[in-house]
Amino acid sequence: MTKYKLATYESDNGPRAGIIVGDTVFDAATLTDQPTYSSVLRILEDWTRAKDMLAAAAQKTGAGWKLSETHLRAPVLYPPAIYCAGANYRDHAMEMAKRLNRPLDPDPKLNGGKPWFFLKASRSVTDPGATVAATHYCKNLDWEVELAAIIGTPGKNIRAEDALKHVAGYTIANDLSARELGRRAEAAAGSPFSFDWTMQKSFDGACPVGPWIVPADDIPDPQNLAMKLWVNDVIKQDSNTAEMIFTLAEQIAQLSISMTLYPGDLILTGTPAGVGQGRSEFLKAGDVVKLEIDGLGTLTNRIA
């Protein structure tokens, strides 16, 4: 069976859902003969039925566009919610303990802990290939390669053993962070009011995503994917999703205890070692950041 990827492309009439087969982009609504499939979010809202229709449509031929000549947008414009797992890689935890000259915290999973999350603003999502203008906003702009899961089937109180059934597919995300803005200077050190996750994580362009969605059925094990990030062709992060402390399934189960997960919700699953903060090295204007995860393609953005 011919494999496909789901994407959002820029048409003459604005963003539309596309089906990528090989090196060709097809309009999803046209190829499936489903007018409501004009956006990826509408497709995800009908995922139980849509996944079979997309797979069948990928076997067809029709008028399309060369992928190399098509402007791809972020796959979901815009996610209902973006949930980001914090401190979820063992190698990253070791890196930061060494950087801060403090003992390594006990493994939270072995000590009965649970995954924890922060939010990024939906409109912080930006396109593959887009230029992120942020160096005027912060001096310590950091990179973070992350596996991102896209919810297809809604659910609440999802069991970990059932969690991956709710995933429509996977893509790549860069959880850009304005590190020095994570704390409020006017608040006393150690104050519970000193943290500022919004300023640090939700500026315009803070969440490059893409280049497309690979259906979950084509990624048999999301816990064994090599992941890499380069800045100006110099490798900075080189790890594997096997380094996660809490698996994606465990993250979905934890999130769904208190809230319903909806189609299009994006779950960023954490970042491995090699971030700029661990090196006292940050992005500057003109830098090109490239991310790769096994089976998911390449995501590239320029910093300005």
# chains A, B, ... in the order shown; residues from 1 in each chain; ligands from 1

$ residues_around --residues "region 251-257 of chain A" --least-positions-apart "6" --cutoff "8 Å" --atoms "only C-alpha atoms" --output "PyMOL selection string"
chain A and resi 85+114-115+155-160+163+269

$ write_last_selection --atoms "N, CA and C atoms" --output "short mmCIF file (atom, residue, chain, number, x, y, z; two decimals), in the first residue's frame"
data_model
loop_
_atom_site.label_atom_id
_atom_site.label_comp_id
_atom_site.auth_asym_id
_atom_site.auth_seq_id
_atom_site.Cartn_x
_atom_site.Cartn_y
_atom_site.Cartn_z
N ALA A 85 5.79 18.49 27.66
CA ALA A 85 6.35 17.75 28.80
C ALA A 85 7.64 18.42 29.26
N LYS A 114 4.90 11.72 38.54
CA LYS A 114 4.06 11.74 37.35
C LYS A 114 4.63 12.74 36.34
N PRO A 115 4.30 12.57 35.07
CA PRO A 115 4.71 13.57 34.07
C PRO A 115 4.11 14.93 34.42
N GLY A 155 -10.55 11.93 24.02
CA GLY A 155 -10.68 11.02 25.14
C GLY A 155 -10.33 11.67 26.46
N LYS A 156 -10.89 11.09 27.52
CA LYS A 156 -10.58 11.50 28.89
C LYS A 156 -10.41 10.24 29.73
N ASN A 157 -9.57 10.34 30.77
CA ASN A 157 -9.27 9.18 31.61
C ASN A 157 -8.81 8.00 30.75
N ILE A 158 -7.89 8.31 29.84
CA ILE A 158 -7.37 7.29 28.93
C ILE A 158 -6.34 6.43 29.66
N ARG A 159 -6.45 5.13 29.54
CA ARG A 159 -5.46 4.24 30.11
C ARG A 159 -4.19 4.25 29.27
N ALA A 160 -3.05 4.12 29.92
CA ALA A 160 -1.78 4.15 29.19
C ALA A 160 -1.73 3.08 28.11
N ALA A 163 -3.50 4.46 25.12
CA ALA A 163 -3.23 5.86 24.77
C ALA A 163 -2.83 6.06 23.32
N THR A 269 6.85 16.08 23.62
CA THR A 269 7.17 15.04 24.59
C THR A 269 8.47 15.23 25.35
#

$ residues_around --residues "region 228-238 of chain A" --least-positions-apart "2" --cutoff "9 Å" --atoms "only C-alpha atoms" --output "PyMOL selection string"
chain A and resi 143-145+226+240+271-276+283+287-293

$ write_last_selection --atoms "N, CA and C atoms" --output "CSV table (one decimal), in the first residue's frame"
chain,number,residue,atom,x,y,z
A,143,TRP,N,17.2,26.2,21.7
A,143,TRP,CA,16.6,25.3,20.8
A,143,TRP,C,16.2,24.0,21.6
A,144,GLU,N,15.2,23.3,21.2
A,144,GLU,CA,14.9,22.0,21.8
A,144,GLU,C,14.2,21.1,20.7
A,145,VAL,N,14.8,20.1,20.3
A,145,VAL,CA,14.2,19.2,19.3
A,145,VAL,C,13.2,18.3,20.1
A,226,ALA,N,15.6,7.9,16.6
A,226,ALA,CA,16.7,8.8,16.7
A,226,ALA,C,16.3,10.2,16.4
A,240,ASN,N,17.8,9.8,21.4
A,240,ASN,CA,16.8,8.9,21.0
A,240,ASN,C,15.6,9.0,21.9
A,271,THR,N,12.6,17.2,25.5
A,271,THR,CA,13.9,17.3,24.7
A,271,THR,C,15.0,16.6,25.4
A,272,PRO,N,16.0,16.1,24.6
A,272,PRO,CA,17.1,15.4,25.2
A,272,PRO,C,18.3,16.4,25.5
A,273,ALA,N,19.4,15.8,25.9
A,273,ALA,CA,20.6,16.6,26.1
A,273,ALA,C,21.0,17.4,24.9
A,274,GLY,N,21.8,18.5,25.1
A,274,GLY,CA,22.4,19.2,24.0
A,274,GLY,C,21.8,20.6,23.8
A,275,VAL,N,20.9,21.0,24.7
A,275,VAL,CA,20.3,22.4,24.6
A,275,VAL,C,21.3,23.5,24.8
A,276,GLY,N,21.0,24.7,24.3
A,276,GLY,CA,22.0,25.8,24.5
A,276,GLY,C,22.3,26.1,25.9
A,283,LEU,N,21.1,31.0,20.4
A,283,LEU,CA,20.9,31.3,19.0
A,283,LEU,C,21.1,32.8,18.7
A,287,ASP,N,21.4,32.5,12.3
A,287,ASP,CA,21.5,31.0,12.5
A,287,ASP,C,20.5,30.2,11.8
A,288,VAL,N,20.8,29.1,11.3
A,288,VAL,CA,19.9,28.1,10.7
A,288,VAL,C,19.8,26.9,11.6
A,289,VAL,N,18.6,26.5,12.0
A,289,VAL,CA,18.4,25.4,12.9
A,289,VAL,C,17.7,24.3,12.1
A,290,LYS,N,18.3,23.1,12.2
A,290,LYS,CA,17.7,21.9,11.4
A,290,LYS,C,17.5,20.8,12.4
A,291,LEU,N,16.3,20.2,12.3
A,291,LEU,CA,15.9,19.1,13.2
A,291,LEU,C,15.5,17.9,12.3
A,292,GLU,N,15.9,16.7,12.8
A,292,GLU,CA,15.5,15.5,12.2
A,292,GLU,C,15.1,14.4,13.2
A,293,ILE,N,14.0,13.7,12.9
A,293,ILE,CA,13.6,12.6,13.7
A,293,ILE,C,13.3,11.4,12.8

$ closest_atom_pairs --of "region 25-78 of chain A" --to "region 10-15 of chain A" --cutoff "9 Å" --atoms "only C-alpha atoms" --output "Markdown table"
| residue | atom | partner | partner_atom | distance |
| --- | --- | --- | --- | --- |
| A:Ser38 | CA | A:Pro15 | CA | 8.5 |
| A:Ser39 | CA | A:Pro15 | CA | 7.5 |
| A:Thr70 | CA | A:Glu10 | CA | 7.5 |
| A:His71 | CA | A:Glu10 | CA | 5.6 |
| A:Leu72 | CA | A:Glu10 | CA | 6.2 |
| A:Arg73 | CA | A:Glu10 | CA | 6.5 |
| A:Leu77 | CA | A:Pro15 | CA | 8.4 |

$ write_last_selection --atoms "C-alpha atoms" --output "mmCIF file, in the first residue's frame"
data_model
loop_
_atom_site.group_PDB
_atom_site.id
_atom_site.type_symbol
_atom_site.label_atom_id
_atom_site.label_comp_id
_atom_site.auth_asym_id
_atom_site.auth_seq_id
_atom_site.Cartn_x
_atom_site.Cartn_y
_atom_site.Cartn_z
ATOM 1 C CA SER A 38 -10.177 21.318 3.343
ATOM 2 C CA SER A 39 -8.171 21.694 6.549
ATOM 3 C CA THR A 70 4.966 23.825 -2.729
ATOM 4 C CA HIS A 71 4.891 26.126 0.290
ATOM 5 C CA LEU A 72 4.182 23.925 3.302
ATOM 6 C CA ARG A 73 2.650 25.480 6.384
ATOM 7 C CA LEU A 77 -3.167 25.695 11.847
#

$ closest_residue --among "A:Glu281, A:Asp142, A:Asp107, A:Asp52" --to "Ile303 (chain A)" --atoms "only C-alpha atoms"
A:Asp142

$ closest_residue --among "A:Ala58, A:Ala133, A:Ala178, A:Met94" --to "Val25 (chain A)" --atoms "only C-alpha atoms"
A:Ala58

$ residues_around --residues "Arg99 (chain A)" --least-positions-apart "4" --cutoff "10 Å" --atoms "only C-alpha atoms" --output "list of chain:residue names"
A:Ala93, A:Met94, A:Glu95, A:Gln277, A:Gly278, A:Arg279, A:Ser280

$ write_last_selection --atoms "N, CA and C atoms" --output "mmCIF file, in the first residue's frame"
data_model
loop_
_atom_site.group_PDB
_atom_site.id
_atom_site.type_symbol
_atom_site.label_atom_id
_atom_site.label_comp_id
_atom_site.auth_asym_id
_atom_site.auth_seq_id
_atom_site.Cartn_x
_atom_site.Cartn_y
_atom_site.Cartn_z
ATOM 1 N N ALA A 93 18.364 15.623 31.964
ATOM 2 C CA ALA A 93 18.411 15.835 33.412
ATOM 3 C C ALA A 93 19.847 15.765 33.916
ATOM 4 N N MET A 94 20.629 14.824 33.401
ATOM 5 C CA MET A 94 22.030 14.702 33.794
ATOM 6 C C MET A 94 22.825 15.918 33.334
ATOM 7 N N GLU A 95 22.547 16.372 32.119
ATOM 8 C CA GLU A 95 23.233 17.537 31.568
ATOM 9 C C GLU A 95 23.011 18.774 32.426
ATOM 10 N N GLN A 277 21.240 26.037 26.782
ATOM 11 C CA GLN A 277 21.420 26.413 28.179
ATOM 12 C C GLN A 277 22.490 25.561 28.853
ATOM 13 N N GLY A 278 22.563 24.307 28.462
ATOM 14 C CA GLY A 278 23.571 23.425 29.037
ATOM 15 C C GLY A 278 24.979 23.753 28.586
ATOM 16 N N ARG A 279 25.097 24.567 27.526
ATOM 17 C CA ARG A 279 26.398 24.925 26.963
ATOM 18 C C ARG A 279 26.730 26.397 27.145
ATOM 19 N N SER A 280 25.768 27.163 27.697
ATOM 20 C CA SER A 280 25.866 28.635 27.730
ATOM 21 C C SER A 280 26.069 29.167 26.314
#

$ closest_residue --among "A:Ala168, A:Ile213, A:Ile20, A:Leu147" --to "Ala50 (chain A)" --atoms "only C-alpha atoms"
A:Ala168

$ closest_residue --among "A:Asp105, A:Glu45, A:Glu180, A:Glu146" --to "Val209 (chain A)" --atoms "only C-alpha atoms"
A:Glu146

$ select_by_dssp --residues "region 20-75 of chain A" --states "helix (DSSP H, G or I)" --output "JSON, numbers by chain"
{"A": [28, 29, 30, 31, 32, 40, 41, 42, 43, 44, 47, 48, 49, 50, 51, 52, 53, 54, 55, 56, 57, 67, 68, 69]}

$ select_by_dssp --residues "region 83-214 of chain A" --states "strand (DSSP E)" --output "number ranges by chain"
A: 83-85, 117-120, 125-126, 131-132, 141-142, 145-151, 167-174, 177-178, 207-214

$ atom_distance --atom1 "CA of Pro108 (chain A)" --atom2 "CA of Phe246 (chain A)"
9.0 Å

$ residues_around --residues "Ala29 (chain A)" --least-positions-apart "3" --cutoff "10 Å" --atoms "only C-alpha atoms" --output "compact mmCIF listing (two decimals) with N, CA and C atoms, in the first residue's frame"
# COMPACT_ATOMS: atom_id res chain seq x y z
N ARG A 16 -4.62 24.98 2.89
CA ARG A 16 -5.50 23.85 2.66
C ARG A 16 -4.78 22.57 3.05
N ALA A 17 -5.57 21.55 3.37
CA ALA A 17 -5.00 20.24 3.70
C ALA A 17 -4.50 19.57 2.44
N GLY A 18 -3.34 18.93 2.56
CA GLY A 18 -2.75 18.23 1.43
C GLY A 18 -2.36 16.81 1.80
N ILE A 19 -2.36 15.95 0.82
CA ILE A 19 -1.87 14.57 0.96
C ILE A 19 -0.59 14.48 0.14
N PHE A 26 -1.12 16.57 -3.18
CA PHE A 26 -2.48 16.59 -3.71
C PHE A 26 -3.40 17.31 -2.72
N THR A 32 -9.96 13.00 -1.91
CA THR A 32 -10.87 12.12 -1.16
C THR A 32 -12.33 12.34 -1.55
N ASP A 33 -12.59 13.39 -2.34
CA ASP A 33 -13.96 13.76 -2.69
C ASP A 33 -14.79 14.08 -1.45
N GLN A 34 -14.10 14.71 -0.48
CA GLN A 34 -14.75 15.13 0.76
C GLN A 34 -14.50 16.63 0.94
N PRO A 35 -15.44 17.48 0.55
CA PRO A 35 -15.22 18.93 0.62
C PRO A 35 -14.87 19.44 2.01
N THR A 36 -15.33 18.74 3.06
CA THR A 36 -15.04 19.20 4.42
C THR A 36 -13.58 18.96 4.81
N TYR A 37 -12.84 18.18 4.03
CA TYR A 37 -11.45 17.89 4.35
C TYR A 37 -10.52 18.98 3.80
N SER A 38 -10.98 20.21 3.86
CA SER A 38 -10.18 21.32 3.34
C SER A 38 -9.09 21.75 4.31
N SER A 39 -9.21 21.37 5.58
CA SER A 39 -8.17 21.69 6.55
C SER A 39 -7.78 20.44 7.32
N ILE A 43 -10.01 17.29 9.14
CA ILE A 43 -9.71 15.87 8.92
C ILE A 43 -9.52 15.16 10.26
N LEU A 54 -8.10 8.60 3.62
CA LEU A 54 -6.82 9.15 3.16
C LEU A 54 -5.94 8.04 2.59
N ALA A 57 -7.28 7.20 -0.77
CA ALA A 57 -7.01 8.28 -1.72
C ALA A 57 -5.56 8.27 -2.18

$ atom_distance --atom1 "CA of Ser177 (chain A)" --atom2 "CA of Met199 (chain A)"
8.9 Å

$ closest_residue --among "A:Leu268, A:Ala28, A:Ala242, A:Ala249" --to "Asp175 (chain A)" --atoms "only C-alpha atoms"
A:Leu268

$ atom_distance --atom1 "CA of Pro211 (chain A)" --atom2 "CA of Leu141 (chain A)"
21.8 Å

$ residues_around --residues "Asp204 (chain A)" --least-positions-apart "6" --cutoff "9 Å" --atoms "only C-alpha atoms" --output "ChimeraX atom specification"
/A:121,123-126,132-134

$ write_last_selection --atoms "C-alpha atoms" --output "short mmCIF file (atom, residue, chain, number, x, y, z; two decimals), in the first residue's frame"
data_model
loop_
_atom_site.label_atom_id
_atom_site.label_comp_id
_atom_site.auth_asym_id
_atom_site.auth_seq_id
_atom_site.Cartn_x
_atom_site.Cartn_y
_atom_site.Cartn_z
CA ALA A 121 0.18 29.41 23.00
CA ARG A 123 -0.52 30.94 17.83
CA SER A 124 3.16 30.45 18.68
CA VAL A 125 3.16 27.71 16.01
CA THR A 126 5.12 28.64 12.90
CA VAL A 132 11.71 33.33 13.52
CA ALA A 133 12.33 36.94 14.50
CA ALA A 134 13.13 36.72 18.20
#

$ residues_around --residues "Ile82 (chain A)" --least-positions-apart "6" --cutoff "9 Å" --atoms "only C-alpha atoms" --output "PyMOL selection string"
chain A and resi 118-122+265-268
